[in-house]
>>> print(open('coords.cif').read())   # mmCIF, C-alpha atoms
data_data
#
loop_
_atom_site.group_PDB
_atom_site.id
_atom_site.type_symbol
_atom_site.label_atom_id
_atom_site.label_comp_id
_atom_site.auth_asym_id
_atom_site.auth_seq_id
_atom_site.Cartn_x
_atom_site.Cartn_y
_atom_site.Cartn_z
ATOM 1 C CA MET A 1176 3.649 -84.622 -37.013
ATOM 2 C CA PRO A 1177 0.527 -85.964 -35.273
ATOM 3 C CA LEU A 1178 1.016 -86.544 -31.552
ATOM 4 C CA PRO A 1179 -0.031 -90.256 -31.659
ATOM 5 C CA VAL A 1180 2.762 -90.889 -34.206
ATOM 6 C CA ILE A 1181 5.338 -89.257 -31.933
ATOM 7 C CA LEU A 1182 4.212 -91.253 -28.882
ATOM 8 C CA HIS A 1183 4.226 -94.452 -30.934
ATOM 9 C CA ALA A 1184 7.843 -93.703 -31.890
ATOM 10 C CA TYR A 1185 8.734 -93.389 -28.189
ATOM 11 C CA ARG A 1186 7.157 -96.791 -27.487
ATOM 12 C CA VAL A 1187 8.972 -98.423 -30.414
ATOM 13 C CA ALA A 1188 12.267 -96.914 -29.281
ATOM 14 C CA GLY A 1189 11.674 -98.104 -25.700
ATOM 15 C CA LYS A 1190 11.023 -101.663 -26.867
ATOM 16 C CA PHE A 1191 14.123 -101.597 -29.080
ATOM 17 C CA ILE A 1192 16.373 -100.362 -26.247
ATOM 18 C CA TRP A 1193 14.957 -102.921 -23.825
ATOM 19 C CA SER A 1194 15.437 -105.752 -26.335
ATOM 20 C CA ALA A 1195 19.043 -104.659 -27.009
ATOM 21 C CA ILE A 1196 19.863 -104.589 -23.262
ATOM 22 C CA LEU A 1197 18.275 -108.000 -22.736
ATOM 23 C CA ALA A 1198 20.361 -109.379 -25.598
ATOM 24 C CA GLU A 1199 23.575 -108.054 -23.971
ATOM 25 C CA ALA A 1200 22.612 -109.561 -20.615
ATOM 26 C CA ALA A 1201 21.731 -112.984 -22.050
ATOM 27 C CA GLY A 1202 23.532 -115.785 -20.208
ATOM 28 C CA ASP A 1203 24.617 -113.548 -17.319
ATOM 29 C CA GLU A 1204 22.394 -114.392 -14.343
ATOM 30 C CA ALA A 1205 23.558 -111.435 -12.222
ATOM 31 C CA ALA A 1206 23.004 -108.959 -15.062
ATOM 32 C CA THR A 1207 19.568 -110.411 -15.809
ATOM 33 C CA THR A 1208 18.551 -110.068 -12.148
ATOM 34 C CA ALA A 1209 19.786 -106.449 -12.069
ATOM 35 C CA LEU A 1210 17.809 -105.670 -15.234
ATOM 36 C CA LEU A 1211 14.565 -106.818 -13.615
ATOM 37 C CA ARG A 1212 15.061 -104.180 -10.930
ATOM 38 C CA ALA A 1213 16.131 -101.509 -13.447
ATOM 39 C CA GLY A 1214 13.323 -102.194 -15.955
ATOM 40 C CA SER A 1215 10.828 -99.982 -14.148
ATOM 41 C CA GLU A 1216 13.346 -97.100 -14.285
ATOM 42 C CA LEU A 1217 13.600 -97.405 -18.081
ATOM 43 C CA TRP A 1218 9.827 -97.300 -18.570
ATOM 44 C CA LEU A 1219 9.567 -94.394 -16.113
ATOM 45 C CA ILE A 1220 12.084 -92.445 -18.206
ATOM 46 C CA ILE A 1221 10.083 -93.187 -21.385
ATOM 47 C CA ASP A 1222 6.861 -92.204 -19.633
ATOM 48 C CA ASN A 1223 8.380 -88.908 -18.409
ATOM 49 C CA HIS A 1224 9.678 -88.061 -21.873
ATOM 50 C CA SER A 1225 6.295 -88.937 -23.417
ATOM 51 C CA GLY A 1226 4.591 -86.607 -20.952
ATOM 52 C CA SER A 1227 7.039 -83.817 -21.706
ATOM 53 C CA VAL A 1228 6.628 -84.108 -25.466
ATOM 54 C CA THR A 1229 2.816 -84.203 -25.031
ATOM 55 C CA ASP A 1230 2.841 -80.981 -23.007
ATOM 56 C CA ALA A 1231 5.185 -79.277 -25.471
ATOM 57 C CA TYR A 1232 3.105 -80.481 -28.411
ATOM 58 C CA ARG A 1233 -0.122 -79.093 -26.925
ATOM 59 C CA ASP A 1234 1.543 -75.760 -26.187
ATOM 60 C CA ALA A 1235 2.836 -75.579 -29.768
ATOM 61 C CA VAL A 1236 -0.590 -76.442 -31.206
ATOM 62 C CA ALA A 1237 -2.277 -73.807 -29.023
ATOM 63 C CA GLU A 1238 0.275 -71.171 -30.037
ATOM 64 C CA ARG A 1239 -0.081 -72.058 -33.710
ATOM 65 C CA ALA A 1240 -3.883 -71.967 -33.495
ATOM 66 C CA HIS A 1241 -3.707 -68.561 -31.793
ATOM 67 C CA SER A 1242 -1.345 -67.273 -34.468
ATOM 68 C CA ASP A 1243 -3.482 -68.740 -37.262
ATOM 69 C CA SER A 1244 -6.614 -67.204 -35.708
ATOM 70 C CA GLN A 1245 -5.001 -63.763 -35.507
ATOM 71 C CA THR A 1246 -3.772 -64.033 -39.105
ATOM 72 C CA ARG A 1247 -7.166 -65.207 -40.294
ATOM 73 C CA ASN A 1248 -8.980 -62.389 -38.474
ATOM 74 C CA ALA A 1249 -6.600 -59.856 -40.004
ATOM 75 C CA MET A 1250 -7.266 -61.221 -43.486
ATOM 76 C CA LEU A 1251 -11.023 -61.232 -42.924
ATOM 77 C CA ASP A 1252 -10.742 -57.639 -41.701
ATOM 78 C CA VAL A 1253 -9.169 -56.634 -45.013
ATOM 79 C CA LEU A 1254 -12.008 -58.412 -46.804
ATOM 80 C CA LEU A 1255 -14.828 -56.952 -44.683
ATOM 81 C CA ARG A 1256 -13.459 -53.438 -44.165
ATOM 82 C CA GLY A 1257 -11.722 -52.974 -47.500
ATOM 83 C CA ASP A 1258 -8.103 -52.649 -48.635
ATOM 84 C CA PRO A 1259 -6.920 -49.026 -48.367
ATOM 85 C CA GLY A 1260 -3.983 -49.809 -50.667
ATOM 86 C CA ASP A 1261 -3.894 -50.824 -54.322
ATOM 87 C CA GLY A 1262 -6.099 -53.863 -53.714
ATOM 88 C CA SER A 1263 -3.349 -56.467 -53.974
ATOM 89 C CA ARG A 1264 -3.753 -57.495 -50.326
ATOM 90 C CA LEU A 1265 -7.422 -58.241 -50.965
ATOM 91 C CA TRP A 1266 -6.605 -60.973 -53.476
ATOM 92 C CA GLU A 1267 -3.849 -62.404 -51.268
ATOM 93 C CA CYS A 1268 -6.319 -62.616 -48.380
ATOM 94 C CA ALA A 1269 -8.948 -64.222 -50.600
ATOM 95 C CA ALA A 1270 -6.463 -66.862 -51.716
ATOM 96 C CA THR A 1271 -5.473 -67.644 -48.115
ATOM 97 C CA LEU A 1272 -9.137 -67.852 -47.087
ATOM 98 C CA ARG A 1273 -9.764 -70.108 -50.121
ATOM 99 C CA LEU A 1274 -12.307 -67.771 -51.623
ATOM 100 C CA PRO A 1275 -12.483 -67.118 -55.378
ATOM 101 C CA HIS A 1276 -11.558 -63.617 -56.557
ATOM 102 C CA HIS A 1277 -14.705 -63.356 -58.647
ATOM 103 C CA GLY A 1278 -18.017 -65.136 -58.492
ATOM 104 C CA THR A 1279 -21.254 -64.507 -56.644
ATOM 105 C CA PHE A 1280 -21.065 -63.727 -52.933
ATOM 106 C CA VAL A 1281 -23.339 -62.739 -50.078
ATOM 107 C CA VAL A 1282 -22.500 -61.435 -46.590
ATOM 108 C CA VAL A 1283 -24.370 -62.910 -43.620
ATOM 109 C CA ALA A 1284 -24.710 -61.265 -40.189
ATOM 110 C CA ALA A 1285 -26.247 -63.453 -37.465
ATOM 111 C CA GLN A 1286 -27.104 -62.463 -33.903
ATOM 112 C CA ALA A 1287 -24.685 -63.972 -31.406
ATOM 113 C CA PRO A 1288 -26.164 -65.703 -28.328
ATOM 114 C CA ARG A 1289 -23.834 -63.577 -26.193
ATOM 115 C CA PRO A 1290 -21.141 -60.968 -26.936
ATOM 116 C CA ALA A 1291 -18.266 -62.267 -29.093
ATOM 117 C CA ALA A 1292 -19.776 -65.749 -29.468
ATOM 118 C CA GLU A 1293 -20.608 -67.849 -32.514
ATOM 119 C CA SER A 1294 -24.179 -67.924 -33.741
ATOM 120 C CA ILE A 1295 -23.388 -71.000 -35.842
ATOM 121 C CA PRO A 1296 -20.929 -73.291 -34.005
ATOM 122 C CA GLN A 1297 -17.987 -74.055 -36.330
ATOM 123 C CA ALA A 1298 -19.818 -72.260 -39.127
ATOM 124 C CA GLU A 1299 -17.341 -72.957 -41.912
ATOM 125 C CA GLU A 1300 -17.277 -76.690 -41.241
ATOM 126 C CA ALA A 1301 -21.054 -76.847 -40.707
ATOM 127 C CA LEU A 1302 -21.647 -75.212 -44.091
ATOM 128 C CA ARG A 1303 -18.842 -77.142 -45.815
ATOM 129 C CA THR A 1304 -20.643 -80.396 -45.027
ATOM 130 C CA ARG A 1305 -23.519 -78.908 -47.072
ATOM 131 C CA ASP A 1306 -21.180 -78.000 -49.962
ATOM 132 C CA VAL A 1307 -21.180 -74.309 -49.006
ATOM 133 C CA GLN A 1308 -17.861 -72.426 -49.178
ATOM 134 C CA SER A 1309 -17.501 -69.565 -46.695
ATOM 135 C CA ALA A 1310 -15.258 -67.613 -44.302
ATOM 136 C CA TRP A 1311 -16.519 -66.451 -40.893
ATOM 137 C CA ARG A 1312 -15.438 -64.442 -37.902
ATOM 138 C CA VAL A 1313 -16.940 -63.413 -34.565
ATOM 139 C CA GLU A 1314 -17.472 -59.726 -33.834
ATOM 140 C CA LEU A 1315 -18.687 -58.207 -30.587
ATOM 141 C CA ASP A 1316 -22.368 -58.104 -31.554
ATOM 142 C CA ALA A 1317 -22.653 -60.515 -34.479
ATOM 143 C CA HIS A 1318 -21.274 -63.584 -36.230
ATOM 144 C CA VAL A 1319 -20.308 -62.432 -39.748
ATOM 145 C CA GLY A 1320 -19.538 -64.533 -42.809
ATOM 146 C CA VAL A 1321 -18.784 -64.211 -46.525
ATOM 147 C CA VAL A 1322 -20.524 -67.019 -48.428
ATOM 148 C CA VAL A 1323 -19.921 -68.149 -52.017
ATOM 149 C CA LEU A 1324 -23.050 -68.750 -54.100
ATOM 150 C CA THR A 1325 -22.968 -71.254 -56.988
ATOM 151 C CA PRO A 1326 -25.429 -72.482 -59.621
ATOM 152 C CA ARG A 1327 -26.247 -75.347 -57.248
ATOM 153 C CA LEU A 1328 -26.409 -73.096 -54.196
ATOM 154 C CA GLY A 1329 -28.661 -70.127 -54.811
ATOM 155 C CA ILE A 1330 -29.718 -67.551 -52.268
ATOM 156 C CA ASP A 1331 -32.937 -69.423 -51.415
ATOM 157 C CA LYS A 1332 -31.084 -72.658 -50.653
ATOM 158 C CA LEU A 1333 -28.549 -70.766 -48.533
ATOM 159 C CA CYS A 1334 -31.406 -69.219 -46.551
ATOM 160 C CA ALA A 1335 -32.800 -72.700 -45.898
ATOM 161 C CA HIS A 1336 -29.410 -73.904 -44.619
ATOM 162 C CA LEU A 1337 -29.016 -70.854 -42.358
ATOM 163 C CA SER A 1338 -32.520 -71.313 -40.947
ATOM 164 C CA ASP A 1339 -31.541 -74.846 -39.924
ATOM 165 C CA LEU A 1340 -28.250 -73.802 -38.331
ATOM 166 C CA THR A 1341 -29.019 -70.533 -36.523
ATOM 167 C CA SER A 1342 -31.138 -69.909 -33.447
ATOM 168 C CA GLY A 1343 -31.593 -66.124 -33.736
ATOM 169 C CA PRO A 1344 -32.153 -63.319 -36.254
ATOM 170 C CA VAL A 1345 -30.080 -63.299 -39.443
ATOM 171 C CA GLY A 1346 -29.492 -60.592 -42.065
ATOM 172 C CA LEU A 1347 -28.276 -61.147 -45.628
ATOM 173 C CA SER A 1348 -26.867 -58.654 -48.114
ATOM 174 C CA GLU A 1349 -27.800 -58.565 -51.760
ATOM 175 C CA PRO A 1350 -25.631 -60.920 -53.886
ATOM 176 C CA TYR A 1351 -22.563 -59.210 -55.410
ATOM 177 C CA ALA A 1352 -19.968 -60.177 -58.001
ATOM 178 C CA SER A 1353 -16.564 -59.019 -56.723
ATOM 179 C CA LEU A 1354 -14.898 -59.250 -53.310
ATOM 180 C CA ASP A 1355 -13.981 -55.552 -53.332
ATOM 181 C CA GLN A 1356 -17.711 -54.888 -52.821
ATOM 182 C CA THR A 1357 -17.723 -56.807 -49.511
ATOM 183 C CA PRO A 1358 -17.625 -53.726 -47.185
ATOM 184 C CA ALA A 1359 -20.844 -52.367 -48.737
ATOM 185 C CA ALA A 1360 -22.425 -55.820 -48.520
ATOM 186 C CA LEU A 1361 -21.467 -56.060 -44.841
ATOM 187 C CA ARG A 1362 -23.358 -52.833 -44.151
ATOM 188 C CA GLN A 1363 -26.372 -54.239 -45.985
ATOM 189 C CA ALA A 1364 -26.286 -57.463 -43.955
ATOM 190 C CA ARG A 1365 -26.024 -55.573 -40.677
ATOM 191 C CA LEU A 1366 -28.939 -53.311 -41.598
ATOM 192 C CA ALA A 1367 -31.042 -56.313 -42.606
ATOM 193 C CA TYR A 1368 -30.149 -58.028 -39.332
ATOM 194 C CA ALA A 1369 -31.133 -54.888 -37.397
ATOM 195 C CA THR A 1370 -34.646 -55.011 -38.874
ATOM 196 C CA ALA A 1371 -35.395 -58.521 -37.573
ATOM 197 C CA THR A 1372 -37.811 -58.874 -34.681
ATOM 198 C CA PRO A 1373 -35.770 -59.286 -31.446
ATOM 199 C CA GLY A 1374 -35.854 -62.816 -30.041
ATOM 200 C CA SER A 1375 -37.120 -64.322 -33.298
ATOM 201 C CA ARG A 1376 -35.458 -66.674 -35.792
ATOM 202 C CA GLU A 1377 -36.335 -64.271 -38.582
ATOM 203 C CA LEU A 1378 -34.122 -64.244 -41.669
ATOM 204 C CA VAL A 1379 -34.171 -60.877 -43.469
ATOM 205 C CA ARG A 1380 -32.761 -60.191 -46.928
ATOM 206 C CA TYR A 1381 -31.688 -56.598 -47.509
ATOM 207 C CA GLY A 1382 -33.622 -56.112 -50.736
ATOM 208 C CA GLN A 1383 -36.868 -57.588 -49.436
ATOM 209 C CA ALA A 1384 -37.450 -55.186 -46.501
ATOM 210 C CA PRO A 1385 -36.849 -51.685 -47.916
ATOM 211 C CA VAL A 1386 -39.027 -49.804 -45.406
ATOM 212 C CA ALA A 1387 -37.555 -51.570 -42.375
ATOM 213 C CA VAL A 1388 -34.000 -51.131 -43.715
ATOM 214 C CA LEU A 1389 -34.651 -47.400 -44.226
ATOM 215 C CA LEU A 1390 -35.770 -47.045 -40.607
ATOM 216 C CA ALA A 1391 -32.864 -49.124 -39.264
ATOM 217 C CA SER A 1392 -30.369 -47.003 -41.205
ATOM 218 C CA ALA A 1393 -31.613 -43.834 -39.459
ATOM 219 C CA PRO A 1394 -32.571 -44.858 -35.897
ATOM 220 C CA ASP A 1395 -32.814 -41.283 -34.607
ATOM 221 C CA ALA A 1396 -35.241 -40.313 -37.358
ATOM 222 C CA ALA A 1397 -37.156 -43.577 -36.841
ATOM 223 C CA ALA A 1398 -37.554 -42.804 -33.130
ATOM 224 C CA THR A 1399 -38.843 -39.352 -34.013
ATOM 225 C CA VAL A 1400 -41.415 -40.850 -36.397
ATOM 226 C CA ALA A 1401 -42.541 -43.366 -33.768
ATOM 227 C CA GLN A 1402 -43.016 -40.698 -31.109
ATOM 228 C CA ALA A 1403 -44.658 -38.194 -33.465
ATOM 229 C CA VAL A 1404 -47.241 -40.703 -34.718
ATOM 230 C CA LEU A 1405 -47.651 -43.224 -31.892
ATOM 231 C CA GLY A 1406 -46.566 -41.119 -28.911
ATOM 232 C CA PRO A 1407 -50.009 -41.133 -27.201
ATOM 233 C CA VAL A 1408 -50.192 -44.929 -27.605
ATOM 234 C CA LEU A 1409 -46.665 -45.460 -26.281
ATOM 235 C CA ALA A 1410 -47.589 -43.335 -23.265
ATOM 236 C CA LEU A 1411 -50.251 -45.879 -22.261
ATOM 237 C CA PRO A 1412 -49.506 -48.646 -19.727
ATOM 238 C CA ALA A 1413 -47.398 -51.367 -21.349
ATOM 239 C CA VAL A 1414 -50.157 -54.005 -21.481
ATOM 240 C CA GLU A 1415 -52.699 -51.655 -23.070
ATOM 241 C CA CYS A 1416 -50.080 -50.326 -25.492
ATOM 242 C CA GLU A 1417 -49.159 -53.839 -26.607
ATOM 243 C CA VAL A 1418 -52.824 -54.776 -27.154
ATOM 244 C CA LEU A 1419 -53.372 -51.808 -29.466
ATOM 245 C CA LEU A 1420 -50.072 -52.175 -31.347
ATOM 246 C CA GLY A 1421 -50.528 -55.946 -31.622
ATOM 247 C CA THR A 1422 -53.971 -55.428 -33.129
ATOM 248 C CA LEU A 1423 -52.592 -52.921 -35.621
ATOM 249 C CA ARG A 1424 -49.802 -55.342 -36.591
ATOM 250 C CA ALA A 1425 -52.302 -58.131 -37.147
ATOM 251 C CA TRP A 1426 -54.497 -55.821 -39.243
ATOM 252 C CA PHE A 1427 -51.541 -54.825 -41.427
ATOM 253 C CA ALA A 1428 -50.379 -58.462 -41.700
ATOM 254 C CA GLU A 1429 -53.795 -59.457 -43.014
ATOM 255 C CA GLN A 1430 -53.903 -56.604 -45.552
ATOM 256 C CA GLY A 1431 -56.604 -54.740 -43.645
ATOM 257 C CA ALA A 1432 -58.994 -57.715 -43.445
ATOM 258 C CA THR A 1433 -60.658 -57.104 -40.072
ATOM 259 C CA SER A 1434 -62.361 -60.502 -39.807
ATOM 260 C CA VAL A 1435 -59.160 -62.416 -40.606
ATOM 261 C CA ALA A 1436 -57.175 -60.320 -38.122
ATOM 262 C CA ALA A 1437 -59.835 -60.989 -35.472
ATOM 263 C CA ALA A 1438 -59.562 -64.729 -36.085
ATOM 264 C CA LYS A 1439 -55.782 -64.584 -35.719
ATOM 265 C CA LEU A 1440 -56.140 -62.640 -32.468
ATOM 266 C CA HIS A 1441 -58.980 -64.916 -31.228
ATOM 267 C CA VAL A 1442 -61.307 -61.958 -30.637
ATOM 268 C CA HIS A 1443 -64.548 -60.711 -32.212
ATOM 269 C CA ARG A 1444 -64.182 -58.494 -35.285
ATOM 270 C CA ASN A 1445 -65.993 -55.699 -33.436
ATOM 271 C CA THR A 1446 -63.216 -55.794 -30.847
ATOM 272 C CA VAL A 1447 -60.666 -55.244 -33.600
ATOM 273 C CA ARG A 1448 -62.720 -52.368 -34.994
ATOM 274 C CA TYR A 1449 -62.985 -50.783 -31.527
ATOM 275 C CA ARG A 1450 -59.216 -51.017 -30.972
ATOM 276 C CA LEU A 1451 -58.471 -49.545 -34.389
ATOM 277 C CA ARG A 1452 -60.872 -46.643 -33.765
ATOM 278 C CA ARG A 1453 -59.134 -46.007 -30.455
ATOM 279 C CA LEU A 1454 -55.794 -45.933 -32.254
ATOM 280 C CA GLU A 1455 -57.182 -43.430 -34.716
ATOM 281 C CA ASP A 1456 -58.495 -41.240 -31.899
ATOM 282 C CA LEU A 1457 -55.191 -41.349 -30.011
ATOM 283 C CA THR A 1458 -52.958 -40.709 -33.035
ATOM 284 C CA GLY A 1459 -55.180 -38.466 -35.131
ATOM 285 C CA ARG A 1460 -54.544 -40.701 -38.156
ATOM 286 C CA ASN A 1461 -57.278 -42.218 -40.303
ATOM 287 C CA LEU A 1462 -56.867 -45.839 -41.447
ATOM 288 C CA ALA A 1463 -59.191 -45.124 -44.364
ATOM 289 C CA GLN A 1464 -56.716 -42.632 -45.834
ATOM 290 C CA PRO A 1465 -53.445 -43.603 -47.596
ATOM 291 C CA THR A 1466 -51.425 -41.005 -45.680
ATOM 292 C CA GLY A 1467 -52.702 -42.228 -42.323
ATOM 293 C CA ILE A 1468 -52.025 -45.849 -43.228
ATOM 294 C CA ALA A 1469 -48.481 -45.025 -44.412
ATOM 295 C CA GLU A 1470 -47.595 -43.014 -41.304
ATOM 296 C CA LEU A 1471 -48.976 -45.640 -38.931
ATOM 297 C CA HIS A 1472 -47.128 -48.417 -40.771
ATOM 298 C CA LEU A 1473 -43.814 -46.538 -40.617
ATOM 299 C CA ALA A 1474 -44.273 -45.716 -36.937
ATOM 300 C CA LEU A 1475 -45.285 -49.292 -36.117
ATOM 301 C CA GLU A 1476 -42.177 -50.679 -37.839
ATOM 302 C CA ALA A 1477 -40.041 -48.147 -35.975
ATOM 303 C CA THR A 1478 -41.435 -49.291 -32.610
ATOM 304 C CA ARG A 1479 -40.640 -52.917 -33.501
ATOM 305 C CA ILE A 1480 -37.100 -52.259 -34.720
ATOM 306 C CA LEU A 1481 -36.229 -49.884 -31.863
ATOM 307 C CA ARG A 1482 -38.058 -52.029 -29.254
ATOM 308 C CA LEU A 1483 -40.206 -49.139 -28.043
ATOM 309 C CA GLU A 1484 -42.762 -50.090 -25.402
ATOM 310 C CA GLY A 1485 -45.542 -48.577 -23.372
ATOM 311 C CA ALA A 1486 -45.103 -46.915 -20.020
ATOM 312 C CA PRO A 1487 -44.462 -49.112 -16.916
#
>>> encode(input="coords.cif", output="structure tokens")
Amino acid sequence: MPLPVILHAYRVAGKFIWSAILAEAAGDEAATTALLRAGSELWLIIDNHSGSVTDAYRDAVAERAHSDSQTRNAMLDVLLRGDPGDGSRLWECAATLRLPHHGTFVVVAAQAPRPAAESIPQAEEALRTRDVQSAWRVELDAHVGVVVLTPRLGIDKLCAHLSDLTSGPVGLSEPYASLDQTPAALRQARLAYATATPGSRELVRYGQAPVAVLLASAPDAAATVAQAVLGPVLALPAVECEVLLGTLRAWFAEQGATSVAAAKLHVHRNTVRYRLRRLEDLTGRNLAQPTGIAELHLALEATRILRLEGAP
């Protein structure tokens, strides 16, 4: 029962007892005088009992919430990690989490502001107010959720909602049709999240960043590519390294349009050309050749994903 209802019952009972005692003492002056002195004792007893029931109620609520949280995390673990049995537990967990057995789903992994913290405060309620059904849990390095897509809530609309609610990078899996595919979708979401630029509010969908996802899935190989191609640049002082890599990023972002990249960087186009020639000299790659462009793009993405920087 709600605590205010219980406390109201105590007050009603106290008034009833007091009225009954007053009725018994009616007409007896000595008894009435004694009751005036004893009245404070009665209300003190009611107050003490109200305090005791409040403390016990809060303890019970906390214990129940803890138990519910543990149960919910266990059920989400079955959903996210897979059911090693015959699959029956998966559907039981889905029913408890109020998720449909079949439909269209997507897994979301969002960067937590600190270890084991929520990226979206009260995520399920925040999304429910936007007619989005989901189940979330906090992991050490990310806030992870399974979201139900509907004809009214497509992947693009979900991305818009998440952009409003989150303050850091977010990764999304490809949509899938059955909850037993959730473990694979979780891996996709985590890989997509790993490709986002650190410190940004970038939202990355697994299927829309194949090169970055490939590098994030093999960080050791990505580091080798970065060092093999951009090693001489990464060996430069940090400021000089960032100038050259930033210019290359701008050039790639503008599809190789030197003048547009120069405008974005607020420098003369000849400055961009000079920096690109220096990159070519340092790396031995030619930006006029497809192989050189491909290798430099892969290495540049690897430095971004792995947060590689120039020398101090």
>>> residues_around(input="coords.cif", residues="A:Trp1266", least_positions_apart="6", cutoff="9 Å", atoms="only C-alpha atoms", output="VMD selection string")
chain A and resid 1254 1275 to 1276 1354
>>> write_last_selection(input="coords.cif", atoms="C-alpha atoms", output="PDB file, in the coordinates of the input")
ATOM      1  CA  LEU A1254     -12.008 -58.412 -46.804  1.00  0.00           C
ATOM      2  CA  PRO A1275     -12.483 -67.118 -55.378  1.00  0.00           C
ATOM      3  CA  HIS A1276     -11.558 -63.617 -56.557  1.00  0.00           C
ATOM      4  CA  LEU A1354     -14.898 -59.250 -53.310  1.00  0.00           C
TER       5      LEU A1354
END
>>> residues_around(input="coords.cif", residues="stretch 1223-1237 of chain A", least_positions_apart="5", cutoff="12 Å", atoms="only C-alpha atoms", output="ChimeraX atom specification")
/A:1176-1186,1188-1189,1216-1218,1242-1244
>>> resolve_selection(input="coords.cif", expression="the PyMOL selection byres ((chain A and resi 1280) around 6)", output="ChimeraX atom specification")
/A:1279,1281,1322-1324,1350-1351
>>> atom_distance(input="coords.cif", atom1="atom CA of A:Asp1316", atom2="atom CA of A:Arg1362")
13.7 Å
>>> resolve_selection(input="coords.cif", expression="the PyMOL selection byres ((chain A and resi 1484) around 9)", output="PyMOL selection string")
chain A and resi 1409-1410+1412-1413+1416-1417+1478-1479+1482-1483+1485-1487
>>> closest_residue(input="coords.cif", among="A:Val1187, A:Leu1462, A:Ala1387, A:Ala1284", to="A:Leu1475", atoms="all atoms listed in the file")
A:Ala1387
>>> closest_residue(input="coords.cif", among="A:Gln1464, A:Thr1341, A:Ala1335, A:Ala1432", to="A:Arg1444", atoms="all atoms listed in the file")
A:Ala1432
>>> residues_around(input="coords.cif", residues="A:Glu1300", least_positions_apart="4", cutoff="12 Å", atoms="all atoms listed in the file", output="PyMOL selection string")
chain A and resi 1295-1296+1304-1311+1340
>>> closest_residue(input="coords.cif", among="A:Leu1302, A:Ala1393, A:Leu1272, A:Val1345", to="A:Leu1328", atoms="all atoms listed in the file")
A:Leu1302
>>> closest_residue(input="coords.cif", among="A:Ala1269, A:Leu1274, A:Leu1361, A:Ile1330", to="A:Leu1255", atoms="all atoms listed in the file")
A:Leu1361
>>> axis_aligned_box(input="coords.cif", around="stretch 1303-1312 of chain A", padding_each_side="8 Å", output="JSON")
{"center_x": -19.4, "center_y": -72.4, "center_z": -43.9, "size_x": 24.3, "size_y": 32.0, "size_z": 28.1}
>>> resolve_selection(input="coords.cif", expression="the PyMOL selection byres ((chain A and resi 1370-1378) around 8)", output="list in words")
Cys1334, Ser1338, Thr1341, Ser1342, Gly1343, Pro1344, Val1345, Gly1346, Leu1347, Leu1366, Ala1367, Tyr1368, Ala1369, Val1379, Arg1380, Ala1387, Val1388, Ala1391, Arg1479, Ile1480 and Arg1482 of chain A
